[in-house]
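One file, coords.cif, is given below (mmCIF, C-alpha atoms).
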data_model
loop_
_atom_site.label_atom_id
_atom_site.label_comp_id
_atom_site.auth_asym_id
_atom_site.auth_seq_id
_atom_site.Cartn_x
_atom_site.Cartn_y
_atom_site.Cartn_z
CA MET A 1 -45.71 13.67 -52.74
CA PHE A 2 -44.94 17.39 -52.51
CA SER A 3 -44.86 17.20 -48.71
CA ALA A 4 -42.47 14.24 -48.98
CA TYR A 5 -40.08 16.35 -51.05
CA LEU A 6 -40.30 19.11 -48.43
CA ASP A 7 -39.23 16.54 -45.83
CA PHE A 8 -35.99 16.02 -47.76
CA ILE A 9 -35.28 19.74 -47.35
CA ARG A 10 -35.94 19.55 -43.61
CA ILE A 11 -33.90 16.38 -43.09
CA ARG A 12 -30.87 17.76 -44.95
CA PHE A 13 -31.10 21.02 -42.98
CA LEU A 14 -31.13 19.12 -39.68
CA THR A 15 -28.26 16.91 -40.85
CA MET A 16 -26.16 19.97 -41.66
CA LEU A 17 -27.10 21.45 -38.28
CA ALA A 18 -25.46 18.48 -36.56
CA TYR A 19 -22.12 19.48 -38.13
CA ARG A 20 -22.47 23.26 -37.80
CA VAL A 21 -19.04 23.64 -36.14
CA ASN A 22 -17.49 22.91 -39.54
CA TYR A 23 -19.28 25.94 -40.93
CA TYR A 24 -18.06 28.23 -38.17
CA SER A 25 -14.54 27.51 -39.39
CA GLY A 26 -15.82 27.97 -42.94
CA ILE A 27 -16.92 31.52 -42.09
CA ALA A 28 -13.37 32.30 -41.00
CA ILE A 29 -11.94 30.81 -44.21
CA TYR A 30 -14.33 32.75 -46.46
CA THR A 31 -13.62 35.96 -44.54
CA LEU A 32 -9.91 35.33 -45.07
CA ASN A 33 -10.54 34.83 -48.80
CA ILE A 34 -12.39 38.14 -48.94
CA GLY A 35 -9.50 39.83 -47.12
CA VAL A 36 -6.92 38.42 -49.52
CA TYR A 37 -8.91 39.55 -52.58
CA TYR A 38 -9.64 42.93 -50.99
CA PHE A 39 -5.98 43.79 -50.47
CA THR A 40 -5.04 42.29 -53.85
CA TRP A 41 -7.53 44.51 -55.66
CA GLN A 42 -6.45 47.51 -53.61
CA ALA A 43 -2.93 46.95 -54.92
CA ILE A 44 -4.18 46.44 -58.50
CA TYR A 45 -6.16 49.69 -58.47
CA GLY A 46 -3.20 51.58 -57.04
CA GLY A 47 -5.17 54.80 -56.57
CA GLN A 48 -7.06 54.59 -59.89
CA GLY A 49 -10.70 55.53 -59.67
CA GLN A 50 -12.11 52.81 -61.92
CA LEU A 51 -11.05 49.58 -63.65
CA GLY A 52 -13.15 47.25 -65.76
CA GLY A 53 -16.23 49.32 -65.04
CA PHE A 54 -15.81 48.90 -61.26
CA THR A 55 -14.99 51.62 -58.75
CA VAL A 56 -12.87 50.61 -55.76
CA ALA A 57 -15.97 50.60 -53.53
CA GLN A 58 -17.93 48.48 -56.01
CA MET A 59 -15.08 46.01 -56.32
CA THR A 60 -14.84 45.62 -52.53
CA THR A 61 -18.57 44.98 -52.32
CA TYR A 62 -18.47 42.67 -55.35
CA VAL A 63 -15.74 40.50 -53.81
CA ALA A 64 -17.54 40.21 -50.47
CA VAL A 65 -21.00 39.43 -51.83
CA SER A 66 -19.64 37.01 -54.46
CA TRP A 67 -17.84 34.86 -51.90
CA MET A 68 -20.72 34.93 -49.44
CA ALA A 69 -23.17 34.08 -52.24
CA ARG A 70 -20.98 31.08 -53.04
CA ALA A 71 -21.46 29.97 -49.44
CA PHE A 72 -25.17 29.65 -50.25
CA TYR A 73 -25.22 28.16 -53.73
CA PHE A 74 -22.28 25.75 -53.29
CA ASN A 75 -23.06 22.04 -52.84
CA ASN A 76 -21.66 18.60 -53.62
CA LEU A 77 -24.63 17.07 -55.44
CA ASP A 78 -22.30 15.84 -58.20
CA ARG A 79 -20.16 13.89 -55.71
CA GLU A 80 -23.25 12.55 -53.94
CA ILE A 81 -24.71 11.20 -57.19
CA ALA A 82 -21.37 9.68 -58.16
CA ALA A 83 -21.12 8.03 -54.72
CA ASP A 84 -24.65 6.59 -55.06
CA VAL A 85 -23.70 5.08 -58.43
CA ARG A 86 -20.37 3.78 -57.17
CA ASP A 87 -21.72 1.99 -54.06
CA GLY A 88 -24.84 0.68 -55.79
CA SER A 89 -27.36 2.48 -53.57
CA ILE A 90 -28.69 4.21 -56.67
CA ALA A 91 -30.57 0.98 -57.50
CA ILE A 92 -32.63 1.34 -54.31
CA GLN A 93 -33.20 5.03 -55.03
CA PHE A 94 -34.64 4.23 -58.45
CA ILE A 95 -37.31 1.84 -57.13
CA ARG A 96 -38.59 4.29 -54.52
CA PRO A 97 -41.76 6.28 -55.35
CA TYR A 98 -40.08 9.61 -56.08
CA ASN A 99 -37.93 11.28 -58.70
CA TYR A 100 -34.27 10.85 -57.77
CA VAL A 101 -33.13 14.11 -59.39
CA VAL A 102 -35.84 16.15 -57.65
CA VAL A 103 -34.82 14.57 -54.33
CA LYS A 104 -31.19 15.59 -54.86
CA MET A 105 -32.31 19.14 -55.68
CA MET A 106 -34.41 19.26 -52.50
CA GLN A 107 -31.48 17.98 -50.44
CA GLY A 108 -29.28 20.64 -52.02
CA LEU A 109 -31.87 23.28 -51.12
CA GLY A 110 -31.90 22.09 -47.51
CA GLU A 111 -28.14 22.48 -47.39
CA GLY A 112 -28.41 25.84 -49.12
CA LEU A 113 -30.90 27.15 -46.55
CA PHE A 114 -28.56 26.05 -43.77
CA ARG A 115 -25.64 27.77 -45.45
CA PHE A 116 -27.69 30.92 -46.00
CA MET A 117 -28.78 31.25 -42.38
CA LEU A 118 -25.68 30.00 -40.54
CA PHE A 119 -22.92 30.71 -43.04
CA MET A 120 -23.74 33.49 -45.49
CA ILE A 121 -25.55 35.92 -43.18
CA PRO A 122 -23.05 35.67 -40.25
CA GLY A 123 -20.15 35.82 -42.70
CA MET A 124 -21.57 38.92 -44.38
CA VAL A 125 -21.98 40.62 -41.00
CA ILE A 126 -18.33 39.95 -40.16
CA ALA A 127 -17.26 41.18 -43.61
CA LEU A 128 -19.26 44.40 -43.06
CA LEU A 129 -17.33 45.00 -39.84
CA LEU A 130 -13.94 44.42 -41.46
CA PHE A 131 -14.22 45.88 -44.95
CA PRO A 132 -15.80 49.01 -46.50
CA ILE A 133 -18.77 47.28 -48.10
CA LYS A 134 -21.58 49.40 -49.52
CA LEU A 135 -25.03 47.82 -49.23
CA PRO A 136 -27.94 48.59 -51.59
CA THR A 137 -30.32 51.24 -50.27
CA SER A 138 -33.27 50.23 -52.43
CA GLY A 139 -35.69 47.57 -51.23
CA THR A 140 -36.25 46.56 -54.86
CA SER A 141 -32.52 45.93 -55.32
CA TRP A 142 -32.51 43.67 -52.26
CA ALA A 143 -35.59 41.77 -53.45
CA VAL A 144 -34.22 41.27 -56.97
CA PHE A 145 -30.83 40.20 -55.62
CA LEU A 146 -32.37 37.58 -53.31
CA VAL A 147 -34.41 36.19 -56.21
CA MET A 148 -31.30 36.09 -58.39
CA LEU A 149 -29.35 34.46 -55.57
CA PHE A 150 -31.93 31.67 -55.41
CA LEU A 151 -31.75 31.25 -59.19
CA SER A 152 -27.94 31.09 -58.86
CA PHE A 153 -28.38 28.16 -56.50
CA LEU A 154 -30.71 26.41 -58.95
CA ILE A 155 -28.42 26.92 -61.95
CA ASN A 156 -25.30 25.82 -60.08
CA SER A 157 -27.18 22.77 -58.74
CA GLN A 158 -28.30 21.92 -62.26
CA LEU A 159 -24.69 21.98 -63.46
CA ASN A 160 -23.74 19.75 -60.52
CA ILE A 161 -26.54 17.30 -61.32
CA ILE A 162 -25.52 17.16 -64.98
CA THR A 163 -21.95 16.41 -63.92
CA GLY A 164 -23.12 13.82 -61.38
CA LEU A 165 -25.29 12.03 -63.94
CA MET A 166 -22.20 11.49 -66.06
CA ALA A 167 -21.22 8.88 -63.45
CA PHE A 168 -23.69 6.55 -65.17
CA PHE A 169 -21.57 6.70 -68.32
CA VAL A 170 -18.04 7.21 -66.93
CA GLU A 171 -17.06 5.10 -63.94
CA ASN A 172 -14.90 7.77 -62.30
CA ILE A 173 -15.84 11.44 -62.63
CA ASP A 174 -13.54 12.90 -59.96
CA GLY A 175 -11.45 14.71 -62.56
CA MET A 176 -14.59 15.98 -64.28
CA ILE A 177 -15.91 17.34 -60.98
CA ARG A 178 -12.67 19.18 -60.23
CA MET A 179 -12.57 20.63 -63.73
CA LYS A 180 -16.21 21.72 -63.52
CA ARG A 181 -15.63 23.44 -60.17
CA ALA A 182 -12.59 25.32 -61.49
CA VAL A 183 -14.48 26.40 -64.62
CA VAL A 184 -17.49 27.61 -62.61
CA ASP A 185 -15.36 29.57 -60.12
CA LEU A 186 -13.37 31.23 -62.92
CA PHE A 187 -16.02 31.91 -65.55
CA SER A 188 -18.83 32.76 -63.16
CA GLY A 189 -16.89 35.87 -62.13
CA LEU A 190 -16.03 34.69 -58.62
CA ILE A 191 -12.25 34.92 -59.01
CA ILE A 192 -12.22 37.85 -61.44
CA PRO A 193 -15.20 39.85 -62.78
CA ILE A 194 -16.08 38.96 -66.35
CA SER A 195 -15.66 42.60 -67.43
CA PHE A 196 -11.90 42.20 -66.80
CA LEU A 197 -11.62 39.35 -69.32
CA PRO A 198 -10.58 39.90 -72.96
CA LEU A 199 -13.46 41.09 -75.17
CA TRP A 200 -13.57 37.85 -77.18
CA LEU A 201 -13.89 35.85 -73.95
CA GLN A 202 -16.55 38.20 -72.60
CA SER A 203 -18.56 37.54 -75.76
CA THR A 204 -18.18 33.80 -75.22
CA MET A 205 -19.36 34.11 -71.61
CA LYS A 206 -22.59 35.74 -72.80
CA VAL A 207 -23.67 32.48 -74.42
CA LEU A 208 -22.70 30.29 -71.43
CA PRO A 209 -24.57 29.88 -68.13
CA PHE A 210 -21.69 30.68 -65.77
CA GLN A 211 -22.21 34.47 -65.57
CA ALA A 212 -25.73 33.81 -64.25
CA ILE A 213 -24.28 32.20 -61.12
CA THR A 214 -22.13 34.99 -59.67
CA TYR A 215 -21.38 37.90 -61.99
CA LEU A 216 -24.93 39.04 -62.77
CA PRO A 217 -26.36 38.83 -59.20
CA SER A 218 -23.28 40.52 -57.73
CA SER A 219 -23.42 43.27 -60.38
CA VAL A 220 -27.02 43.98 -59.36
CA PHE A 221 -26.01 44.05 -55.70
CA THR A 222 -23.20 46.55 -56.32
CA GLY A 223 -25.42 48.80 -58.42
CA ARG A 224 -23.54 48.30 -61.69
CA ILE A 225 -26.76 46.93 -63.16
CA GLN A 226 -29.84 49.03 -62.47
CA GLY A 227 -33.27 49.89 -63.84
CA THR A 228 -34.77 47.89 -66.67
CA THR A 229 -31.44 46.13 -67.28
CA THR A 230 -32.03 44.33 -63.97
CA TRP A 231 -35.05 42.57 -65.44
CA ASN A 232 -33.03 41.64 -68.52
CA VAL A 233 -30.37 39.84 -66.47
CA LEU A 234 -33.08 38.19 -64.40
CA GLY A 235 -34.50 36.91 -67.68
CA ILE A 236 -31.07 35.51 -68.60
CA GLN A 237 -31.07 33.46 -65.39
CA LEU A 238 -34.59 32.17 -66.03
CA LEU A 239 -33.64 31.27 -69.60
CA TRP A 240 -30.65 29.19 -68.44
CA LEU A 241 -32.79 27.58 -65.75
CA VAL A 242 -35.07 26.25 -68.49
CA ILE A 243 -32.28 25.36 -70.95
CA LEU A 244 -30.36 23.28 -68.39
CA LEU A 245 -33.45 21.22 -67.68
CA ILE A 246 -33.13 19.67 -71.15
CA PRO A 247 -29.78 17.85 -70.67
CA ILE A 248 -30.85 16.82 -67.15
CA VAL A 249 -34.01 15.14 -68.45
CA LEU A 250 -32.21 13.49 -71.36
CA LEU A 251 -29.30 12.23 -69.23
CA TYR A 252 -31.61 10.96 -66.50
CA ARG A 253 -33.75 9.01 -68.96
CA LYS A 254 -30.69 7.54 -70.62
CA ALA A 255 -29.10 6.71 -67.25
CA ARG A 256 -32.12 4.70 -66.11
CA THR A 257 -31.82 2.46 -69.15
CA ARG A 258 -28.14 1.69 -68.73
CA LEU A 259 -27.60 1.52 -64.99
CA PHE A 260 -24.45 -0.44 -64.17
CA VAL A 261 -24.12 -1.14 -60.43
CA GLN A 262 -20.50 -1.54 -59.34
CA GLY A 263 -21.17 -2.46 -55.74
CA GLY A 264 -23.85 -2.55 -53.07
#

Conversion result in structure tokens:
Amino acid sequence: MFSAYLDFIRIRFLTMLAYRVNYYSGIAIYTLNIGVYYFTWQAIYGGQGQLGGFTVAQMTTYVAVSWMARAFYFNNLDREIAADVRDGSIAIQFIRPYNYVVVKMMQGLGEGLFRFMLFMIPGMVIALLLFPIKLPTSGTSWAVFLVMLFLSFLINSQLNIITGLMAFFVENIDGMIRMKRAVVDLFSGLIIPISFLPLWLQSTMKVLPFQAITYLPSSVFTGRIQGTTTWNVLGIQLLWLVILLIPIVLLYRKARTRLFVQGG
């Protein structure tokens, strides 16, 4: 069964490879986003040495790595699950000898690997050529960041799966998906680092999973988080990885007992 799940990773990777031209244009779009944020933050700093705990160099690196990390962890598992429920194909998925949620996670990983190799890495190389990005010099920092990046993918995918499973209870979740995506982009620290938010909102973010997706890995990459604190933030990611399994299991069990096929 494990080898069968690995096949889902391979099949999704090959499927994405067939449409790789779309991702070449995506690299250009993400690079443009980095450029816009780079010049915006340059204007905001206005010659100041530090804001929100970030130096100008750290902010430039933070913006670049955050957007390129998003290229890896982003997926549409929520829309895929909703589509399966809407067209009735979910009924066939449920009678097959595998766990539907695990299959979706494996498919998301296949897409993530494609994005990492053909989107994130080339995009980061282009960003290095265009902007003054400072890379970590420690091999440990690189290793920890890559582990945290993978955990970011898992946590973001879990949030997508939770949102997708709501399609079993609400017939149309398009609005919910758009709201979830906006919340994740804002409160994960992608649009603005969490340290720039009001103190009361920063405190709220500490008890929510969003910072574990972008802010914490990017802070490690830029060197704002170092030493033993690195292991603490890694522990935060692992904690949320476990916590988010609970609503997934509960929703999936409940969904199987109240499946309502609208088509197919």

*Please identify all polymer residues within 9 Å of Tyr37 in chain A, counting all atoms listed in the file, omitting same-chain residues fewer than 2 positions from it, and present them as a PyMOL selection string.*
chain A and resi 32-35+39-42+60+63-64+191

Under the rule of at most 8 Å, produce a per-residue listing of range 133-227 of chain A near range 251-256 of chain A: chain, number, name, the closest pair of atoms, and the distance in Å, as a tab-separated table, using all atoms listed in the file.
residue	atom	partner	partner_atom	distance
A:Ile162	CA	A:Leu251	CA	7.5
A:Leu165	CA	A:Leu251	CA	6.6
A:Met166	CA	A:Leu251	CA	7.8
A:Phe168	CA	A:Ala255	CA	5.8
A:Phe169	CA	A:Ala255	CA	7.6

*What lies within 12 Å of Arg10 in chain A using only C-alpha atoms, ignoring chain neighbours under 6 positions off, as a list in words?*
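Neighbouring residues, sequence-local ones excluded: Ser3, Ala4, Met16, Leu17, Val103, Met106, Gln107, Gly108, Leu109, Gly110, Glu111, Gly112, Leu113 and Phe114 of chain A.
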
Sort by chain and increasing residue number a table of all residues of range 14-57 of chain A within 10 Å of range 223-239 of chain A, each with its closest pair of atoms and their distance in Å to one decimal, counting only C-alpha atoms, and write it as CSV.
residue,atom,partner,partner_atom,distance
A:Gly53,CA,A:Arg224,CA,8.1
A:Phe54,CA,A:Arg224,CA,7.8
A:Thr55,CA,A:Arg224,CA,9.6

*Minimum-distance residue to Gly175 in chain A, chosen among A:Ile213, A:Val56, A:Ala82, A:Leu51 (using only C-alpha atoms)*: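 Selected residue with least distance to Gly175 in chain A: A:Ala82.
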
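With all atoms listed in the file as the atoms that count, the minimum distance from Asn75 in chain A to the choices A:Met105, A:Leu146, A:Ile92, A:Leu135 is reached by A:Met105.
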
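Considering the residues A:Gly26, A:Pro198, A:Pro132, A:Gly164 and counting all atoms listed in the file, Ile81 in chain A has its shortest atom-to-atom contact with A:Gly164.
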
*What is the CA of Leu186 in chain A-CA of Ile121 in chain A distance in Å, reported with one decimal?*
23.7 Å
